[in-house]
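S.K.: Sending over structure03.cif (mmCIF, C-alpha atoms).
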```cif
data_structure
#
loop_
_atom_site.group_PDB
_atom_site.id
_atom_site.type_symbol
_atom_site.label_atom_id
_atom_site.label_comp_id
_atom_site.auth_asym_id
_atom_site.auth_seq_id
_atom_site.Cartn_x
_atom_site.Cartn_y
_atom_site.Cartn_z
ATOM 1 C CA MET H 27 0.000 0.000 0.000
ATOM 2 C CA PRO H 28 1.536 3.373 -0.992
ATOM 3 C CA ASP H 29 2.482 5.813 1.729
ATOM 4 C CA SER H 30 -0.042 8.575 2.309
ATOM 5 C CA PRO H 31 1.139 12.041 1.261
ATOM 6 C CA ARG H 32 2.781 14.089 3.991
ATOM 7 C CA ARG H 33 0.561 16.740 5.534
ATOM 8 C CA THR H 34 1.660 20.273 4.802
ATOM 9 C CA SER H 35 2.373 21.945 8.119
ATOM 10 C CA ARG H 36 0.567 25.092 9.153
ATOM 11 C CA THR H 37 3.977 26.736 9.531
ATOM 12 C CA ALA H 38 4.834 25.943 5.902
ATOM 13 C CA GLU H 39 1.496 27.300 4.711
ATOM 14 C CA GLU H 40 1.894 30.532 6.646
ATOM 15 C CA LEU H 41 5.485 31.245 5.680
ATOM 16 C CA ALA H 42 4.532 30.916 2.004
ATOM 17 C CA THR H 43 2.294 34.013 2.226
ATOM 18 C CA GLN H 44 5.153 36.389 3.008
ATOM 19 C CA PRO H 45 5.581 38.095 -0.389
ATOM 20 C CA GLU H 46 1.942 39.205 -0.445
ATOM 21 C CA ASN H 47 2.038 40.120 3.256
ATOM 22 C CA TRP H 48 5.036 42.388 2.652
ATOM 23 C CA ARG H 49 3.341 44.119 -0.264
ATOM 24 C CA ARG H 50 0.244 44.691 1.828
ATOM 25 C CA ALA H 51 2.306 46.089 4.705
ATOM 26 C CA ALA H 52 4.122 48.436 2.335
ATOM 27 C CA GLY H 53 0.757 49.698 1.172
ATOM 28 C CA LEU H 54 -0.168 50.514 4.775
ATOM 29 C CA ALA H 55 3.035 52.410 5.556
ATOM 30 C CA ALA H 56 1.692 55.829 4.635
ATOM 31 C CA SER H 57 -1.489 55.542 6.713
ATOM 32 C CA ALA H 58 0.483 54.079 9.638
ATOM 33 C CA ALA H 59 3.145 56.788 9.452
ATOM 34 C CA PRO H 60 1.757 59.064 12.215
ATOM 35 C CA ALA H 61 2.123 56.220 14.739
ATOM 36 C CA LEU H 62 5.639 55.263 13.637
ATOM 37 C CA PRO H 63 8.973 56.892 14.537
ATOM 38 C CA GLN H 64 9.390 60.298 12.951
ATOM 39 C CA ARG H 65 12.589 61.526 11.355
ATOM 40 C CA GLY H 66 14.903 62.978 13.977
ATOM 41 C CA GLU H 67 13.299 61.278 16.960
ATOM 42 C CA ARG H 68 15.470 59.350 19.379
ATOM 43 C CA VAL H 69 13.824 55.944 19.419
ATOM 44 C CA ALA H 70 14.002 52.681 21.342
ATOM 45 C CA VAL H 71 12.574 49.543 19.763
ATOM 46 C CA VAL H 72 11.764 46.607 22.031
ATOM 47 C CA GLY H 73 10.435 43.094 21.775
ATOM 48 C CA CYS H 74 11.003 39.546 22.954
ATOM 49 C CA GLY H 75 12.522 36.659 21.028
ATOM 50 C CA THR H 76 11.880 37.037 17.306
ATOM 51 C CA SER H 77 10.425 40.514 17.816
ATOM 52 C CA TRP H 78 13.645 41.621 19.515
ATOM 53 C CA PHE H 79 15.676 40.483 16.516
ATOM 54 C CA MET H 80 13.370 42.385 14.150
ATOM 55 C CA ALA H 81 13.838 45.396 16.432
ATOM 56 C CA GLN H 82 17.600 45.091 16.024
ATOM 57 C CA ALA H 83 17.322 44.917 12.243
ATOM 58 C CA TYR H 84 15.056 47.963 12.119
ATOM 59 C CA ALA H 85 17.211 49.972 14.513
ATOM 60 C CA ALA H 86 20.255 49.442 12.302
ATOM 61 C CA LEU H 87 18.275 50.270 9.142
ATOM 62 C CA ARG H 88 16.870 53.461 10.649
ATOM 63 C CA GLU H 89 20.203 54.779 11.841
ATOM 64 C CA ALA H 90 22.000 53.846 8.619
ATOM 65 C CA GLY H 91 19.370 55.754 6.654
ATOM 66 C CA GLY H 92 19.974 58.895 8.713
ATOM 67 C CA HIS H 93 16.551 58.945 10.401
ATOM 68 C CA GLY H 94 17.809 59.308 13.966
ATOM 69 C CA GLU H 95 19.455 57.517 16.857
ATOM 70 C CA THR H 96 17.774 54.156 17.377
ATOM 71 C CA ASP H 97 18.421 51.510 20.011
ATOM 72 C CA ALA H 98 16.976 48.006 20.302
ATOM 73 C CA PHE H 99 16.416 46.084 23.521
ATOM 74 C CA ALA H 100 14.883 42.918 24.801
ATOM 75 C CA ALA H 101 11.852 44.222 26.707
ATOM 76 C CA SER H 102 13.178 42.815 29.983
ATOM 77 C CA GLU H 103 16.489 44.676 29.525
ATOM 78 C CA TYR H 104 15.215 48.156 28.717
ATOM 79 C CA PRO H 105 17.443 50.785 30.406
ATOM 80 C CA GLU H 106 15.050 52.651 32.661
ATOM 81 C CA GLY H 107 17.263 55.732 33.026
ATOM 82 C CA ARG H 108 17.458 56.620 29.328
ATOM 83 C CA ARG H 109 15.201 59.142 27.675
ATOM 84 C CA TYR H 110 13.639 58.541 24.270
ATOM 85 C CA ASP H 111 11.229 60.524 22.139
ATOM 86 C CA ARG H 112 9.326 57.346 21.326
ATOM 87 C CA VAL H 113 9.372 53.671 22.274
ATOM 88 C CA LEU H 114 8.201 51.233 19.615
ATOM 89 C CA THR H 115 7.239 47.717 20.670
ATOM 90 C CA ILE H 116 6.713 44.669 18.469
ATOM 91 C CA THR H 117 4.470 41.916 19.841
ATOM 92 C CA ARG H 118 2.562 39.427 17.715
ATOM 93 C CA SER H 119 0.182 38.307 20.432
ATOM 94 C CA GLY H 120 -0.258 41.589 22.290
ATOM 95 C CA THR H 121 -0.029 39.609 25.540
ATOM 96 C CA THR H 122 3.716 39.215 26.187
ATOM 97 C CA THR H 123 4.310 39.950 29.855
ATOM 98 C CA GLU H 124 7.629 41.779 29.621
ATOM 99 C CA VAL H 125 6.346 44.096 26.885
ATOM 100 C CA LEU H 126 3.169 44.962 28.797
ATOM 101 C CA ASP H 127 5.053 45.572 32.036
ATOM 102 C CA LEU H 128 7.437 47.931 30.261
ATOM 103 C CA LEU H 129 4.673 49.854 28.492
ATOM 104 C CA ASP H 130 2.875 50.375 31.781
ATOM 105 C CA ARG H 131 6.003 52.006 33.240
ATOM 106 C CA LEU H 132 7.006 54.233 30.343
ATOM 107 C CA LYS H 133 6.316 57.961 30.150
ATOM 108 C CA ALA H 134 7.526 58.466 26.571
ATOM 109 C CA PRO H 135 5.042 58.171 23.686
ATOM 110 C CA THR H 136 4.615 54.500 22.785
ATOM 111 C CA THR H 137 3.513 52.556 19.736
ATOM 112 C CA ALA H 138 2.885 48.837 19.407
ATOM 113 C CA ILE H 139 2.998 46.817 16.202
ATOM 114 C CA THR H 140 0.865 43.748 16.768
ATOM 115 C CA ALA H 141 -1.184 41.125 14.942
ATOM 116 C CA THR H 142 -4.233 41.338 17.173
ATOM 117 C CA PHE H 143 -7.185 43.514 18.066
ATOM 118 C CA ASP H 144 -8.535 43.939 21.595
ATOM 119 C CA THR H 145 -5.569 42.522 23.498
ATOM 120 C CA PRO H 146 -3.801 44.017 26.522
ATOM 121 C CA VAL H 147 -1.211 45.846 24.413
ATOM 122 C CA HIS H 148 -3.957 48.128 23.089
ATOM 123 C CA ARG H 149 -4.643 49.300 26.607
ATOM 124 C CA SER H 150 -0.967 49.767 27.460
ATOM 125 C CA ALA H 151 0.430 51.408 24.319
ATOM 126 C CA GLY H 152 -0.429 54.915 23.262
ATOM 127 C CA GLN H 153 -0.951 53.879 19.629
ATOM 128 C CA ALA H 154 -1.130 50.564 17.803
ATOM 129 C CA VAL H 155 -0.551 49.397 14.248
ATOM 130 C CA VAL H 156 -2.366 46.118 13.629
ATOM 131 C CA LEU H 157 -1.139 43.644 11.006
ATOM 132 C CA ASP H 158 -3.931 41.147 11.523
ATOM 133 C CA PHE H 159 -3.565 39.789 7.989
ATOM 134 C CA ALA H 160 -0.114 38.503 8.984
ATOM 135 C CA ASP H 161 -1.234 36.837 12.224
ATOM 136 C CA GLU H 162 -0.344 33.186 12.652
ATOM 137 C CA GLU H 163 -1.665 30.046 14.243
ATOM 138 C CA SER H 164 1.880 28.712 14.371
ATOM 139 C CA VAL H 165 3.904 28.854 17.560
ATOM 140 C CA VAL H 166 7.052 29.586 15.545
ATOM 141 C CA GLN H 167 6.878 33.067 14.048
ATOM 142 C CA THR H 168 7.617 33.600 10.383
ATOM 143 C CA ARG H 169 5.318 35.932 8.471
ATOM 144 C CA PHE H 170 4.292 38.330 11.246
ATOM 145 C CA ALA H 171 7.863 39.190 12.148
ATOM 146 C CA THR H 172 9.027 39.776 8.591
ATOM 147 C CA THR H 173 5.855 41.688 7.754
ATOM 148 C CA ALA H 174 6.413 44.016 10.708
ATOM 149 C CA LEU H 175 9.943 44.655 9.450
ATOM 150 C CA ALA H 176 8.626 45.165 5.910
ATOM 151 C CA LEU H 177 6.202 47.800 7.232
ATOM 152 C CA LEU H 178 8.970 49.635 9.040
ATOM 153 C CA ARG H 179 11.299 49.366 6.073
ATOM 154 C CA ALA H 180 8.580 50.732 3.768
ATOM 155 C CA HIS H 181 8.049 53.643 6.171
ATOM 156 C CA LEU H 182 11.735 54.520 5.909
ATOM 157 C CA GLU H 183 11.352 54.259 2.138
ATOM 158 C CA ILE H 184 8.460 56.728 1.926
ATOM 159 C CA GLU H 185 10.397 59.125 4.166
ATOM 160 C CA GLY H 186 12.942 59.197 1.350
ATOM 161 C CA ALA H 187 16.057 57.634 2.841
ATOM 162 C CA LEU H 188 16.842 53.939 2.792
ATOM 163 C CA ALA H 189 20.185 52.750 4.093
ATOM 164 C CA PRO H 190 22.850 52.320 1.396
ATOM 165 C CA GLY H 191 22.360 49.087 -0.533
ATOM 166 C CA VAL H 192 18.829 48.474 0.782
ATOM 167 C CA ARG H 193 16.214 48.067 -1.926
ATOM 168 C CA PRO H 194 12.485 48.865 -1.845
ATOM 169 C CA VAL H 195 10.132 46.390 -0.200
ATOM 170 C CA ALA H 196 8.609 45.599 -3.600
ATOM 171 C CA ALA H 197 11.952 44.186 -4.720
ATOM 172 C CA ALA H 198 12.293 42.180 -1.508
ATOM 173 C CA ALA H 199 8.827 40.680 -2.062
ATOM 174 C CA GLN H 200 9.764 39.653 -5.578
ATOM 175 C CA ASP H 201 12.903 37.991 -4.239
ATOM 176 C CA ALA H 202 10.811 36.224 -1.589
ATOM 177 C CA GLU H 203 8.778 34.618 -4.349
ATOM 178 C CA ALA H 204 12.010 33.243 -5.795
ATOM 179 C CA ALA H 205 13.059 32.049 -2.320
ATOM 180 C CA LEU H 206 9.815 30.091 -2.081
ATOM 181 C CA ALA H 207 10.072 28.623 -5.570
ATOM 182 C CA GLU H 208 13.688 27.496 -5.667
ATOM 183 C CA PRO H 209 14.311 23.977 -4.319
ATOM 184 C CA LEU H 210 16.535 23.724 -1.262
ATOM 185 C CA PRO H 211 19.703 21.655 -1.760
ATOM 186 C CA PRO H 212 18.901 18.212 -0.304
ATOM 187 C CA GLY H 213 21.941 18.122 1.966
ATOM 188 C CA TRP H 214 21.032 21.253 3.896
ATOM 189 C CA ALA H 215 18.309 19.621 5.975
ATOM 190 C CA GLY H 216 20.879 17.114 7.192
ATOM 191 C CA ALA H 217 23.548 19.650 8.129
ATOM 192 C CA GLU H 218 25.131 18.883 11.495
ATOM 193 C CA GLN H 219 25.480 22.561 12.426
ATOM 194 C CA ILE H 220 24.783 25.990 10.904
ATOM 195 C CA SER H 221 26.383 29.326 11.742
ATOM 196 C CA PHE H 222 24.497 32.411 10.532
ATOM 197 C CA LEU H 223 26.376 35.644 9.860
ATOM 198 C CA GLY H 224 25.209 39.202 9.281
ATOM 199 C CA ARG H 225 26.466 42.769 9.087
ATOM 200 C CA GLY H 226 24.604 45.937 10.016
ATOM 201 C CA TRP H 227 20.852 45.370 9.781
ATOM 202 C CA THR H 228 21.314 41.774 8.659
ATOM 203 C CA ASN H 229 22.889 40.851 11.987
ATOM 204 C CA GLY H 230 19.350 40.865 13.403
ATOM 205 C CA LEU H 231 18.319 38.532 10.590
ATOM 206 C CA ALA H 232 21.193 36.187 11.411
ATOM 207 C CA LEU H 233 20.088 36.035 15.039
ATOM 208 C CA GLU H 234 16.525 35.317 13.946
ATOM 209 C CA ALA H 235 17.655 32.612 11.515
ATOM 210 C CA GLY H 236 19.488 30.786 14.257
ATOM 211 C CA LEU H 237 16.490 31.026 16.558
ATOM 212 C CA LYS H 238 14.123 29.736 13.868
ATOM 213 C CA MET H 239 16.174 26.585 13.305
ATOM 214 C CA ARG H 240 16.421 25.930 17.048
ATOM 215 C CA GLU H 241 12.707 26.490 17.650
ATOM 216 C CA ALA H 242 11.292 24.468 14.778
ATOM 217 C CA ALA H 243 13.890 21.711 14.469
ATOM 218 C CA GLY H 244 15.980 21.641 17.646
ATOM 219 C CA ALA H 245 19.010 22.297 15.433
ATOM 220 C CA TRP H 246 22.486 23.318 16.597
ATOM 221 C CA THR H 247 22.854 26.855 15.290
ATOM 222 C CA GLU H 248 24.875 29.904 16.222
ATOM 223 C CA SER H 249 24.753 33.499 15.005
ATOM 224 C CA TYR H 250 27.460 36.161 14.852
ATOM 225 C CA PRO H 251 28.363 39.496 13.300
ATOM 226 C CA ALA H 252 30.254 38.442 10.198
ATOM 227 C CA MET H 253 33.490 40.209 11.155
ATOM 228 C CA GLU H 254 33.432 38.559 14.577
ATOM 229 C CA TYR H 255 33.111 35.037 13.194
ATOM 230 C CA ARG H 256 36.871 34.672 12.717
ATOM 231 C CA HIS H 257 37.473 35.639 16.342
ATOM 232 C CA GLY H 258 36.900 32.095 17.565
ATOM 233 C CA PRO H 259 33.612 30.693 16.201
ATOM 234 C CA VAL H 260 35.179 29.641 12.881
ATOM 235 C CA ALA H 261 36.851 26.857 14.888
ATOM 236 C CA ILE H 262 33.637 24.815 14.698
ATOM 237 C CA ALA H 263 33.395 24.989 10.893
ATOM 238 C CA ALA H 264 33.864 21.507 9.436
ATOM 239 C CA PRO H 265 32.624 19.196 6.686
ATOM 240 C CA GLY H 266 28.882 18.586 6.951
ATOM 241 C CA ARG H 267 28.284 22.032 8.468
ATOM 242 C CA LEU H 268 27.028 25.272 6.902
ATOM 243 C CA VAL H 269 28.104 28.885 7.283
ATOM 244 C CA TRP H 270 25.230 31.057 6.036
ATOM 245 C CA SER H 271 26.008 34.674 5.238
ATOM 246 C CA PHE H 272 23.230 37.241 4.904
ATOM 247 C CA GLY H 273 24.789 39.444 2.258
ATOM 248 C CA GLU H 274 28.318 39.370 0.913
ATOM 249 C CA PRO H 275 30.796 37.876 3.408
ATOM 250 C CA PRO H 276 33.825 39.944 4.418
ATOM 251 C CA ALA H 277 36.888 39.711 2.193
ATOM 252 C CA GLY H 278 38.887 36.548 2.799
ATOM 253 C CA LEU H 279 36.205 34.758 4.798
ATOM 254 C CA ALA H 280 35.068 32.521 1.926
ATOM 255 C CA GLU H 281 38.571 31.168 1.491
ATOM 256 C CA GLN H 282 38.965 30.529 5.210
ATOM 257 C CA ILE H 283 35.666 28.661 5.387
ATOM 258 C CA ALA H 284 36.530 26.619 2.306
ATOM 259 C CA ALA H 285 39.706 25.482 4.013
ATOM 260 C CA THR H 286 37.651 24.012 6.883
ATOM 261 C CA GLY H 287 35.493 21.883 4.581
ATOM 262 C CA ALA H 288 32.274 23.653 5.659
ATOM 263 C CA GLU H 289 29.870 24.902 2.989
ATOM 264 C CA LEU H 290 29.445 28.671 2.650
ATOM 265 C CA VAL H 291 25.868 29.690 1.761
ATOM 266 C CA THR H 292 25.360 33.063 0.106
ATOM 267 C CA SER H 293 22.594 34.513 -2.016
ATOM 268 C CA ALA H 294 21.942 37.418 -4.348
ATOM 269 C CA LEU H 295 18.418 37.649 -2.896
ATOM 270 C CA ASP H 296 17.405 40.505 -0.643
ATOM 271 C CA PRO H 297 18.492 39.424 2.865
ATOM 272 C CA LEU H 298 14.888 39.489 4.113
ATOM 273 C CA ALA H 299 13.963 37.104 1.300
ATOM 274 C CA ASP H 300 16.967 34.957 2.164
ATOM 275 C CA LEU H 301 15.452 34.588 5.640
ATOM 276 C CA VAL H 302 12.448 32.968 3.938
ATOM 277 C CA ARG H 303 14.816 30.250 2.746
ATOM 278 C CA VAL H 304 15.780 29.669 6.373
ATOM 279 C CA HIS H 305 12.106 29.393 7.298
ATOM 280 C CA ARG H 306 11.715 26.684 4.671
ATOM 281 C CA LEU H 307 14.869 24.945 5.844
ATOM 282 C CA ALA H 308 13.643 24.961 9.447
ATOM 283 C CA VAL H 309 10.478 23.130 8.387
ATOM 284 C CA ALA H 310 12.405 20.707 6.175
ATOM 285 C CA THR H 311 14.921 19.950 8.934
ATOM 286 C CA ALA H 312 12.182 19.351 11.486
ATOM 287 C CA GLU H 313 10.406 16.952 9.158
ATOM 288 C CA ALA H 314 13.656 15.168 8.279
ATOM 289 C CA ARG H 315 14.152 14.574 12.001
ATOM 290 C CA GLY H 316 10.630 13.254 12.465
ATOM 291 C CA LEU H 317 9.490 16.397 14.297
ATOM 292 C CA ASP H 318 6.331 18.434 13.816
ATOM 293 C CA PRO H 319 7.245 22.092 13.147
ATOM 294 C CA ASP H 320 3.760 23.060 14.320
ATOM 295 C CA GLU H 321 4.436 21.567 17.765
ATOM 296 C CA PRO H 322 7.883 22.822 18.832
ATOM 297 C CA ARG H 323 9.282 21.416 22.048
ATOM 298 C CA ALA H 324 8.614 23.398 25.246
ATOM 299 C CA LEU H 325 7.249 26.461 23.427
ATOM 300 C CA THR H 326 3.932 28.298 23.451
ATOM 301 C CA ARG H 327 2.593 30.919 21.052
ATOM 302 C CA SER H 328 2.892 33.692 23.645
ATOM 303 C CA VAL H 329 4.930 33.917 26.813
ATOM 304 C CA VAL H 330 2.655 35.033 29.650
ATOM 305 C CA LEU H 331 4.385 35.005 33.036
ATOM 306 C CA ARG H 332 1.464 35.813 35.317
#
```
Translate the structure of the given file into structure tokens.
M.R.:
Amino acid sequence: MPDSPRRTSRTAEELATQPENWRRAAGLAASAAPALPQRGERVAVVGCGTSWFMAQAYAALREAGGHGETDAFAASEYPEGRRYDRVLTITRSGTTTEVLDLLDRLKAPTTAITATFDTPVHRSAGQAVVLDFADEESVVQTRFATTALALLRAHLEIEGALAPGVRPVAAAAQDAEAALAEPLPPGWAGAEQISFLGRGWTNGLALEAGLKMREAAGAWTESYPAMEYRHGPVAIAAPGRLVWSFGEPPAGLAEQIAATGAELVTSALDPLADLVRVHRLAVATAEARGLDPDEPRALTRSVVLR
């Protein structure tokens, strides 16, 4: 009797909607603009887990584009003594304890980007931008996080100053379609270890890529700023392992990695679209290991500590 076809995971279905989600978010950027950081404001961006890594990516993009000083913090590590013109929070569920506790203490104007209506974050934040079309049933975040970053990136775009080398969201969405269509090399799902590298705004993406593989597949991953990788971590590069660079790796690094026998992964895709390839790899690796990416070990969709 033939084997029954494998069920497509909810995570795989949701991550495949990202190109359209990004386009829709870009279309909302102008109407959302009054609630988002204004040029010249000193801004802190906070979140937990995936949202924190998106905060880091946005903070680097905003500063590099000349929009104003921007810091990113895990919500639990926000420096209470600093003064900001605005604090932007990212929370898919609108119920994350650390984010709500922080918002309730802040005196600066606050904005929350969330996927939900009528959740506690709406009562704690001064303003909210809701991306309900990018909400997820999955525990492991994919499309909400990247859609929030696409919204913020599009807002920088309409303000007239993207960071050098950063393309419009429309181009990223087109690249994401290619990332979804191109087959993954069969050996990647069996990689023993993956190190993700980034520079500038893509360092946040590298951190998120490592987290995604750990969450969905229990994989051994590490993430580093690309220039820091040679300061020790390269020692674990070996045959059967991957070194994944978001963007062009620093000069000389490709040759050093080749000498270890590890495979260097690079792409001409927009780095945000390249993260979609990691999402797909996380699902493929989980399934190759007999795991259900929709039921990650020890995780829940929202962390509520009360």
S.K.: Could you name the residues that touch region 266-279 of chain H at 7 Å or less, counting all atoms listed in the file, but leaving out those on the same chain fewer than 4 positions away, as an NGL selection string?
M.R.: :H and (217-224 or 228 or 232 or 252-253 or 283 or 288-293 or 297)
S.K.: Now that the selection is made, can you save its residues with C-alpha atoms as a PDB file, keeping the file's coordinate frame?
M.R.:
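Result went into selection_28.pdb, see below:
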```
ATOM      1  CA  ALA H 217      23.548  19.650   8.129  1.00  0.00           C
ATOM      2  CA  GLU H 218      25.131  18.883  11.495  1.00  0.00           C
ATOM      3  CA  GLN H 219      25.480  22.561  12.426  1.00  0.00           C
ATOM      4  CA  ILE H 220      24.783  25.990  10.904  1.00  0.00           C
ATOM      5  CA  SER H 221      26.383  29.326  11.742  1.00  0.00           C
ATOM      6  CA  PHE H 222      24.497  32.411  10.532  1.00  0.00           C
ATOM      7  CA  LEU H 223      26.376  35.644   9.860  1.00  0.00           C
ATOM      8  CA  GLY H 224      25.209  39.202   9.281  1.00  0.00           C
ATOM      9  CA  THR H 228      21.314  41.774   8.659  1.00  0.00           C
ATOM     10  CA  ALA H 232      21.193  36.187  11.411  1.00  0.00           C
ATOM     11  CA  ALA H 252      30.254  38.442  10.198  1.00  0.00           C
ATOM     12  CA  MET H 253      33.490  40.209  11.155  1.00  0.00           C
ATOM     13  CA  ILE H 283      35.666  28.661   5.387  1.00  0.00           C
ATOM     14  CA  ALA H 288      32.274  23.653   5.659  1.00  0.00           C
ATOM     15  CA  GLU H 289      29.870  24.902   2.989  1.00  0.00           C
ATOM     16  CA  LEU H 290      29.445  28.671   2.650  1.00  0.00           C
ATOM     17  CA  VAL H 291      25.868  29.690   1.761  1.00  0.00           C
ATOM     18  CA  THR H 292      25.360  33.063   0.106  1.00  0.00           C
ATOM     19  CA  SER H 293      22.594  34.513  -2.016  1.00  0.00           C
ATOM     20  CA  PRO H 297      18.492  39.424   2.865  1.00  0.00           C
TER      21      PRO H 297
END
```
S.K.: How far is it from CA of Ala308 (chain H) to CA of Gln167 (chain H), in Å with one decimal?
M.R.: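 Those two atoms sit 11.5 Å apart.
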S.K.: Determine the residue membership of the PyMOL selection byres ((chain H and resi 163) around 9) for the file above and supply it as a list in words.
M.R.: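 Against this file, the PyMOL selection byres ((chain H and resi 163) around 9) returns the residues Arg36, Thr37, Glu40, Asp161, Glu162, Ser164, Val165, Val166, Asp320 and Arg327 of chain H.
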S.K.: Can you list what the PyMOL selection byres ((chain H and resi 120) around 12) grabs from this structure, as a PDB file with C-alpha atoms, keeping the file's coordinate frame?
M.R.:
```
ATOM      1  CA  GLY H  73      10.435  43.094  21.775  1.00  0.00           C
ATOM      2  CA  CYS H  74      11.003  39.546  22.954  1.00  0.00           C
ATOM      3  CA  SER H  77      10.425  40.514  17.816  1.00  0.00           C
ATOM      4  CA  THR H 115       7.239  47.717  20.670  1.00  0.00           C
ATOM      5  CA  ILE H 116       6.713  44.669  18.469  1.00  0.00           C
ATOM      6  CA  THR H 117       4.470  41.916  19.841  1.00  0.00           C
ATOM      7  CA  ARG H 118       2.562  39.427  17.715  1.00  0.00           C
ATOM      8  CA  SER H 119       0.182  38.307  20.432  1.00  0.00           C
ATOM      9  CA  THR H 121      -0.029  39.609  25.540  1.00  0.00           C
ATOM     10  CA  THR H 122       3.716  39.215  26.187  1.00  0.00           C
ATOM     11  CA  THR H 123       4.310  39.950  29.855  1.00  0.00           C
ATOM     12  CA  GLU H 124       7.629  41.779  29.621  1.00  0.00           C
ATOM     13  CA  VAL H 125       6.346  44.096  26.885  1.00  0.00           C
ATOM     14  CA  LEU H 126       3.169  44.962  28.797  1.00  0.00           C
ATOM     15  CA  ASP H 127       5.053  45.572  32.036  1.00  0.00           C
ATOM     16  CA  LEU H 129       4.673  49.854  28.492  1.00  0.00           C
ATOM     17  CA  THR H 137       3.513  52.556  19.736  1.00  0.00           C
ATOM     18  CA  ALA H 138       2.885  48.837  19.407  1.00  0.00           C
ATOM     19  CA  ILE H 139       2.998  46.817  16.202  1.00  0.00           C
ATOM     20  CA  THR H 140       0.865  43.748  16.768  1.00  0.00           C
ATOM     21  CA  ALA H 141      -1.184  41.125  14.942  1.00  0.00           C
ATOM     22  CA  THR H 142      -4.233  41.338  17.173  1.00  0.00           C
ATOM     23  CA  PHE H 143      -7.185  43.514  18.066  1.00  0.00           C
ATOM     24  CA  ASP H 144      -8.535  43.939  21.595  1.00  0.00           C
ATOM     25  CA  THR H 145      -5.569  42.522  23.498  1.00  0.00           C
ATOM     26  CA  PRO H 146      -3.801  44.017  26.522  1.00  0.00           C
ATOM     27  CA  VAL H 147      -1.211  45.846  24.413  1.00  0.00           C
ATOM     28  CA  HIS H 148      -3.957  48.128  23.089  1.00  0.00           C
ATOM     29  CA  ARG H 149      -4.643  49.300  26.607  1.00  0.00           C
ATOM     30  CA  SER H 150      -0.967  49.767  27.460  1.00  0.00           C
ATOM     31  CA  ALA H 151       0.430  51.408  24.319  1.00  0.00           C
ATOM     32  CA  ALA H 154      -1.130  50.564  17.803  1.00  0.00           C
ATOM     33  CA  VAL H 155      -0.551  49.397  14.248  1.00  0.00           C
ATOM     34  CA  VAL H 156      -2.366  46.118  13.629  1.00  0.00           C
ATOM     35  CA  LEU H 157      -1.139  43.644  11.006  1.00  0.00           C
ATOM     36  CA  ASP H 158      -3.931  41.147  11.523  1.00  0.00           C
ATOM     37  CA  ASP H 161      -1.234  36.837  12.224  1.00  0.00           C
ATOM     38  CA  ARG H 327       2.593  30.919  21.052  1.00  0.00           C
ATOM     39  CA  SER H 328       2.892  33.692  23.645  1.00  0.00           C
ATOM     40  CA  VAL H 329       4.930  33.917  26.813  1.00  0.00           C
ATOM     41  CA  VAL H 330       2.655  35.033  29.650  1.00  0.00           C
TER      42      VAL H 330
END
```
S.K.: Can you tell me, as JSON, numbers by chain, what residues are no more than 12 Å from region 185-197 of chain H when counting all atoms listed in the file, ignoring any on the same chain fewer than 2 positions away?
M.R.: {"H": [44, 45, 46, 47, 48, 49, 50, 51, 52, 53, 55, 56, 59, 60, 62, 63, 64, 65, 66, 83, 84, 85, 86, 87, 88, 89, 90, 91, 92, 93, 94, 172, 173, 174, 175, 176, 177, 178, 179, 180, 181, 182, 183, 199, 200, 201, 202, 203, 204, 226, 227, 228, 273, 274, 295, 296, 297, 298, 299]}
S.K.: Can you turn the PyMOL selection byres ((chain H and resi 323) around 10) into a concrete residue list for this file, as a list in words?
M.R.: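 Taken on the displayed file, the PyMOL selection byres ((chain H and resi 323) around 10) yields the residues Arg240, Glu241, Ala242, Ala243, Gly244, Leu317, Asp318, Pro319, Asp320, Glu321, Pro322, Ala324, Leu325 and Thr326 of chain H.
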S.K.: Complete region 66-71 of chain H with N, CA, C and O atoms (output as a short mmCIF file (atom, residue, chain, number, x, y, z; two decimals), keeping the file's coordinate frame).
M.R.:
```cif
data_model
loop_
_atom_site.label_atom_id
_atom_site.label_comp_id
_atom_site.auth_asym_id
_atom_site.auth_seq_id
_atom_site.Cartn_x
_atom_site.Cartn_y
_atom_site.Cartn_z
N GLY H 66 14.27 62.15 12.96
CA GLY H 66 14.90 62.98 13.98
C GLY H 66 14.60 62.56 15.40
O GLY H 66 15.30 63.00 16.33
N GLU H 67 13.58 61.74 15.61
CA GLU H 67 13.30 61.28 16.96
C GLU H 67 14.37 60.31 17.44
O GLU H 67 14.93 59.52 16.66
N ARG H 68 14.62 60.35 18.74
CA ARG H 68 15.47 59.35 19.38
C ARG H 68 14.55 58.22 19.84
O ARG H 68 13.63 58.44 20.63
N VAL H 69 14.80 57.02 19.32
CA VAL H 69 13.82 55.94 19.42
C VAL H 69 14.45 54.71 20.04
O VAL H 69 15.60 54.35 19.76
N ALA H 70 13.66 54.02 20.87
CA ALA H 70 14.00 52.68 21.34
C ALA H 70 12.97 51.72 20.77
O ALA H 70 11.78 52.01 20.74
N VAL H 71 13.45 50.58 20.32
CA VAL H 71 12.57 49.54 19.76
C VAL H 71 12.76 48.30 20.62
O VAL H 71 13.89 47.86 20.87
#
```
